[in-house]
$ cat target08.cif   # mmCIF, C-alpha atoms
data_run
loop_
_atom_site.group_PDB
_atom_site.id
_atom_site.type_symbol
_atom_site.label_atom_id
_atom_site.label_comp_id
_atom_site.auth_asym_id
_atom_site.auth_seq_id
_atom_site.Cartn_x
_atom_site.Cartn_y
_atom_site.Cartn_z
ATOM 1 C CA MET A 1 -1.069 -23.946 -35.461
ATOM 2 C CA SER A 2 2.010 -22.354 -36.970
ATOM 3 C CA PHE A 3 2.812 -18.688 -37.263
ATOM 4 C CA THR A 4 5.233 -16.838 -39.508
ATOM 5 C CA GLU A 5 7.898 -14.735 -37.801
ATOM 6 C CA GLU A 6 5.985 -11.588 -38.755
ATOM 7 C CA GLU A 7 2.704 -12.979 -37.352
ATOM 8 C CA LYS A 8 4.425 -13.823 -34.069
ATOM 9 C CA TYR A 9 5.975 -10.368 -33.889
ATOM 10 C CA GLN A 10 2.683 -8.614 -34.632
ATOM 11 C CA LYS A 11 0.786 -10.769 -32.157
ATOM 12 C CA LEU A 12 3.358 -10.083 -29.435
ATOM 13 C CA LYS A 13 3.375 -6.372 -30.295
ATOM 14 C CA THR A 14 -0.437 -6.246 -29.975
ATOM 15 C CA ILE A 15 -0.196 -7.815 -26.522
ATOM 16 C CA VAL A 16 2.578 -5.456 -25.379
ATOM 17 C CA VAL A 17 0.819 -2.316 -26.667
ATOM 18 C CA SER A 18 -2.070 -2.843 -24.263
ATOM 19 C CA TYR A 19 0.345 -2.652 -21.301
ATOM 20 C CA LEU A 20 2.400 0.348 -22.392
ATOM 21 C CA PRO A 21 2.271 3.337 -20.050
ATOM 22 C CA ASP A 22 0.859 6.590 -21.454
ATOM 23 C CA ASP A 23 4.315 8.073 -21.978
ATOM 24 C CA VAL A 24 5.454 5.299 -24.368
ATOM 25 C CA ALA A 25 4.225 5.167 -27.968
ATOM 26 C CA ALA A 26 3.423 1.881 -29.708
ATOM 27 C CA ASP A 27 6.076 2.554 -32.342
ATOM 28 C CA ALA A 28 8.681 2.377 -29.557
ATOM 29 C CA ILE A 29 8.284 -1.408 -29.662
ATOM 30 C CA GLN A 30 11.273 -2.721 -31.611
ATOM 31 C CA MET A 31 13.020 -6.098 -31.633
ATOM 32 C CA GLU A 32 15.731 -4.845 -29.257
ATOM 33 C CA SER A 33 13.331 -2.984 -26.920
ATOM 34 C CA ASN A 34 13.807 -3.944 -23.290
ATOM 35 C CA PHE A 35 10.405 -4.401 -21.642
ATOM 36 C CA THR A 36 11.261 -2.649 -18.375
ATOM 37 C CA THR A 37 13.830 -0.023 -19.356
ATOM 38 C CA ALA A 38 12.894 0.970 -22.923
ATOM 39 C CA LEU A 39 9.148 0.334 -22.742
ATOM 40 C CA ASN A 40 8.651 1.265 -19.076
ATOM 41 C CA ILE A 41 6.562 -1.841 -18.328
ATOM 42 C CA ASN A 42 6.382 -2.678 -14.631
ATOM 43 C CA SER A 43 6.816 -6.198 -13.255
ATOM 44 C CA ALA A 44 3.087 -6.716 -12.612
ATOM 45 C CA ASN A 45 2.264 -5.893 -16.229
ATOM 46 C CA LEU A 46 5.136 -8.102 -17.379
ATOM 47 C CA VAL A 47 3.425 -11.043 -15.676
ATOM 48 C CA ASP A 48 0.194 -10.136 -17.486
ATOM 49 C CA ILE A 49 2.087 -10.054 -20.786
ATOM 50 C CA VAL A 50 3.465 -13.533 -20.076
ATOM 51 C CA LEU A 51 -0.050 -14.843 -19.348
ATOM 52 C CA ASP A 52 -1.393 -13.269 -22.541
ATOM 53 C CA VAL A 53 1.507 -14.749 -24.547
ATOM 54 C CA GLU A 54 0.714 -18.193 -23.141
ATOM 55 C CA ASP A 55 -2.916 -17.837 -24.220
ATOM 56 C CA ALA A 56 -2.152 -16.329 -27.630
ATOM 57 C CA PHE A 57 0.385 -18.981 -28.612
ATOM 58 C CA ASP A 58 -1.035 -21.906 -26.608
ATOM 59 C CA ILE A 59 2.237 -22.463 -24.738
ATOM 60 C CA MET A 60 3.356 -22.693 -21.118
ATOM 61 C CA LEU A 61 6.201 -20.501 -19.897
ATOM 62 C CA GLU A 62 8.335 -21.483 -16.920
ATOM 63 C CA ASN A 63 9.920 -19.076 -14.426
ATOM 64 C CA GLU A 64 13.295 -19.321 -16.175
ATOM 65 C CA ASP A 65 11.584 -18.397 -19.467
ATOM 66 C CA MET A 66 10.128 -15.307 -17.847
ATOM 67 C CA ASP A 67 13.527 -14.390 -16.383
ATOM 68 C CA GLY A 68 15.030 -14.583 -19.862
ATOM 69 C CA MET A 69 12.379 -12.370 -21.453
ATOM 70 C CA LEU A 70 14.197 -9.064 -21.284
ATOM 71 C CA THR A 71 13.605 -7.805 -24.809
ATOM 72 C CA VAL A 72 10.993 -8.292 -27.514
ATOM 73 C CA LYS A 73 13.508 -10.426 -29.417
ATOM 74 C CA ASP A 74 14.105 -12.603 -26.311
ATOM 75 C CA ALA A 75 10.364 -13.132 -26.010
ATOM 76 C CA LEU A 76 10.082 -14.192 -29.660
ATOM 77 C CA LEU A 77 12.970 -16.652 -29.299
ATOM 78 C CA ILE A 78 11.321 -18.192 -26.231
ATOM 79 C CA ILE A 79 7.961 -18.379 -28.038
ATOM 80 C CA ASP A 80 9.690 -20.130 -30.974
ATOM 81 C CA LYS A 81 11.351 -22.612 -28.608
ATOM 82 C CA LYS A 82 8.086 -23.407 -26.806
ATOM 83 C CA ILE A 83 6.140 -23.847 -30.043
ATOM 84 C CA ALA A 84 8.864 -26.192 -31.353
ATOM 85 C CA GLU A 85 8.662 -28.280 -28.146
ATOM 86 C CA LYS A 86 4.926 -28.895 -28.544
#
$ encode --input "target08.cif" --output "structure tokens"
Amino acid sequence: MSFTEEEKYQKLKTIVVSYLPDDVAADAIQMESNFTTALNINSANLVDIVLDVEDAFDIMLENEDMDGMLTVKDALLIIDKKIAEK
């Protein structure tokens, strides 16, 4: 299954929105948004996001992938890489 860049972004955004704390609006999610500093997502929820991303895109993320997922853009680049490796 292939996704356009916009579909990947929207799918990731939908996942992230469900983990945003009450004080962060969904429109705060931008390509350069840092998950922990800009979006206030704690490490436990970050793990949940990773698991949801794996399910949504049918990929497996390694620890080093998770360590590199600092921003929304980083996450999309990693998703692209994993899809290409399939």
$ resolve_selection --input "target08.cif" --expression "the PyMOL selection byres ((chain A and resi 69-75) around 7)" --output "VMD selection string"
chain A and resid 30 to 35 65 to 68 76 to 79
$ resolve_selection --input "target08.cif" --expression "the PyMOL selection byres ((chain A and resi 59) around 9)" --output "PyMOL selection string"
chain A and resi 53-58+60-61+79+82-83+86
$ write_last_selection --input "target08.cif" --atoms "C-alpha atoms" --output "tab-separated table (two decimals), keeping the file's coordinate frame"
chain	number	residue	atom	x	y	z
A	53	VAL	CA	1.51	-14.75	-24.55
A	54	GLU	CA	0.71	-18.19	-23.14
A	55	ASP	CA	-2.92	-17.84	-24.22
A	56	ALA	CA	-2.15	-16.33	-27.63
A	57	PHE	CA	0.38	-18.98	-28.61
A	58	ASP	CA	-1.03	-21.91	-26.61
A	60	MET	CA	3.36	-22.69	-21.12
A	61	LEU	CA	6.20	-20.50	-19.90
A	79	ILE	CA	7.96	-18.38	-28.04
A	82	LYS	CA	8.09	-23.41	-26.81
A	83	ILE	CA	6.14	-23.85	-30.04
A	86	LYS	CA	4.93	-28.90	-28.54
$ resolve_selection --input "target08.cif" --expression "the PyMOL selection byres ((chain A and resi 39-44) around 8)" --output "PDB file with C-alpha atoms, in the frame of the given file"
ATOM      1  CA  TYR A  19       0.345  -2.652 -21.301  1.00  0.00           C
ATOM      2  CA  LEU A  20       2.400   0.348 -22.392  1.00  0.00           C
ATOM      3  CA  PRO A  21       2.271   3.337 -20.050  1.00  0.00           C
ATOM      4  CA  VAL A  24       5.454   5.299 -24.368  1.00  0.00           C
ATOM      5  CA  ALA A  28       8.681   2.377 -29.557  1.00  0.00           C
ATOM      6  CA  ILE A  29       8.284  -1.408 -29.662  1.00  0.00           C
ATOM      7  CA  SER A  33      13.331  -2.984 -26.920  1.00  0.00           C
ATOM      8  CA  ASN A  34      13.807  -3.944 -23.290  1.00  0.00           C
ATOM      9  CA  PHE A  35      10.405  -4.401 -21.642  1.00  0.00           C
ATOM     10  CA  THR A  36      11.261  -2.649 -18.375  1.00  0.00           C
ATOM     11  CA  THR A  37      13.830  -0.023 -19.356  1.00  0.00           C
ATOM     12  CA  ALA A  38      12.894   0.970 -22.923  1.00  0.00           C
ATOM     13  CA  ASN A  45       2.264  -5.893 -16.229  1.00  0.00           C
ATOM     14  CA  LEU A  46       5.136  -8.102 -17.379  1.00  0.00           C
ATOM     15  CA  VAL A  47       3.425 -11.043 -15.676  1.00  0.00           C
ATOM     16  CA  ASP A  48       0.194 -10.136 -17.486  1.00  0.00           C
TER      17      ASP A  48
END
$ axis_aligned_box --input "target08.cif" --around "region 13-24 of chain A" --padding-each-side "4 Å" --output "JSON"
{"center_x": 1.7, "center_y": 0.1, "center_z": -25.2, "size_x": 15.5, "size_y": 23.9, "size_z": 18.2}
$ atom_distance --input "target08.cif" --atom1 "CA of Ser18 (chain A)" --atom2 "CA of Ile49 (chain A)"
9.0 Å
$ atom_distance --input "target08.cif" --atom1 "CA of Asp52 (chain A)" --atom2 "CA of Lys8 (chain A)"
12.9 Å
$ atom_distance --input "target08.cif" --atom1 "CA of Glu64 (chain A)" --atom2 "CA of Asp27 (chain A)"
28.1 Å
$ decode --input "target08.cif" --residues "region 5-33 of chain A" --atoms "C-alpha atoms" --output "PDB file, in the first residue's frame"
ATOM      1  CA  GLU A   5       3.053  12.637   1.310  1.00  0.00           C
ATOM      2  CA  GLU A   6      -0.153  14.420   2.317  1.00  0.00           C
ATOM      3  CA  GLU A   7      -1.854  11.128   3.287  1.00  0.00           C
ATOM      4  CA  LYS A   8       1.130  10.182   5.445  1.00  0.00           C
ATOM      5  CA  TYR A   9       1.134  13.595   7.096  1.00  0.00           C
ATOM      6  CA  GLN A  10      -2.605  13.507   7.785  1.00  0.00           C
ATOM      7  CA  LYS A  11      -2.446   9.957   9.104  1.00  0.00           C
ATOM      8  CA  LEU A  12       0.444  10.840  11.420  1.00  0.00           C
ATOM      9  CA  LYS A  13      -1.325  14.030  12.518  1.00  0.00           C
ATOM     10  CA  THR A  14      -4.470  12.027  13.385  1.00  0.00           C
ATOM     11  CA  ILE A  15      -2.383   9.688  15.535  1.00  0.00           C
ATOM     12  CA  VAL A  16      -0.563  12.541  17.298  1.00  0.00           C
ATOM     13  CA  VAL A  17      -3.758  14.521  17.994  1.00  0.00           C
ATOM     14  CA  SER A  18      -5.105  11.739  20.196  1.00  0.00           C
ATOM     15  CA  TYR A  19      -2.063  12.070  22.495  1.00  0.00           C
ATOM     16  CA  LEU A  20      -1.918  15.854  22.760  1.00  0.00           C
ATOM     17  CA  PRO A  21      -2.355  17.249  26.267  1.00  0.00           C
ATOM     18  CA  ASP A  22      -5.345  19.539  26.870  1.00  0.00           C
ATOM     19  CA  ASP A  23      -3.211  22.674  26.675  1.00  0.00           C
ATOM     20  CA  VAL A  24      -2.027  21.988  23.093  1.00  0.00           C
ATOM     21  CA  ALA A  25      -4.326  22.551  20.113  1.00  0.00           C
ATOM     22  CA  ALA A  26      -4.337  20.223  17.104  1.00  0.00           C
ATOM     23  CA  ASP A  27      -3.331  23.078  14.809  1.00  0.00           C
ATOM     24  CA  ALA A  28      -0.049  23.288  16.747  1.00  0.00           C
ATOM     25  CA  ILE A  29       1.077  20.193  14.838  1.00  0.00           C
ATOM     26  CA  GLN A  30       3.403  21.440  12.100  1.00  0.00           C
ATOM     27  CA  MET A  31       6.203  19.745  10.165  1.00  0.00           C
ATOM     28  CA  GLU A  32       8.859  21.264  12.446  1.00  0.00           C
ATOM     29  CA  SER A  33       6.955  20.608  15.705  1.00  0.00           C
TER      30      SER A  33
END
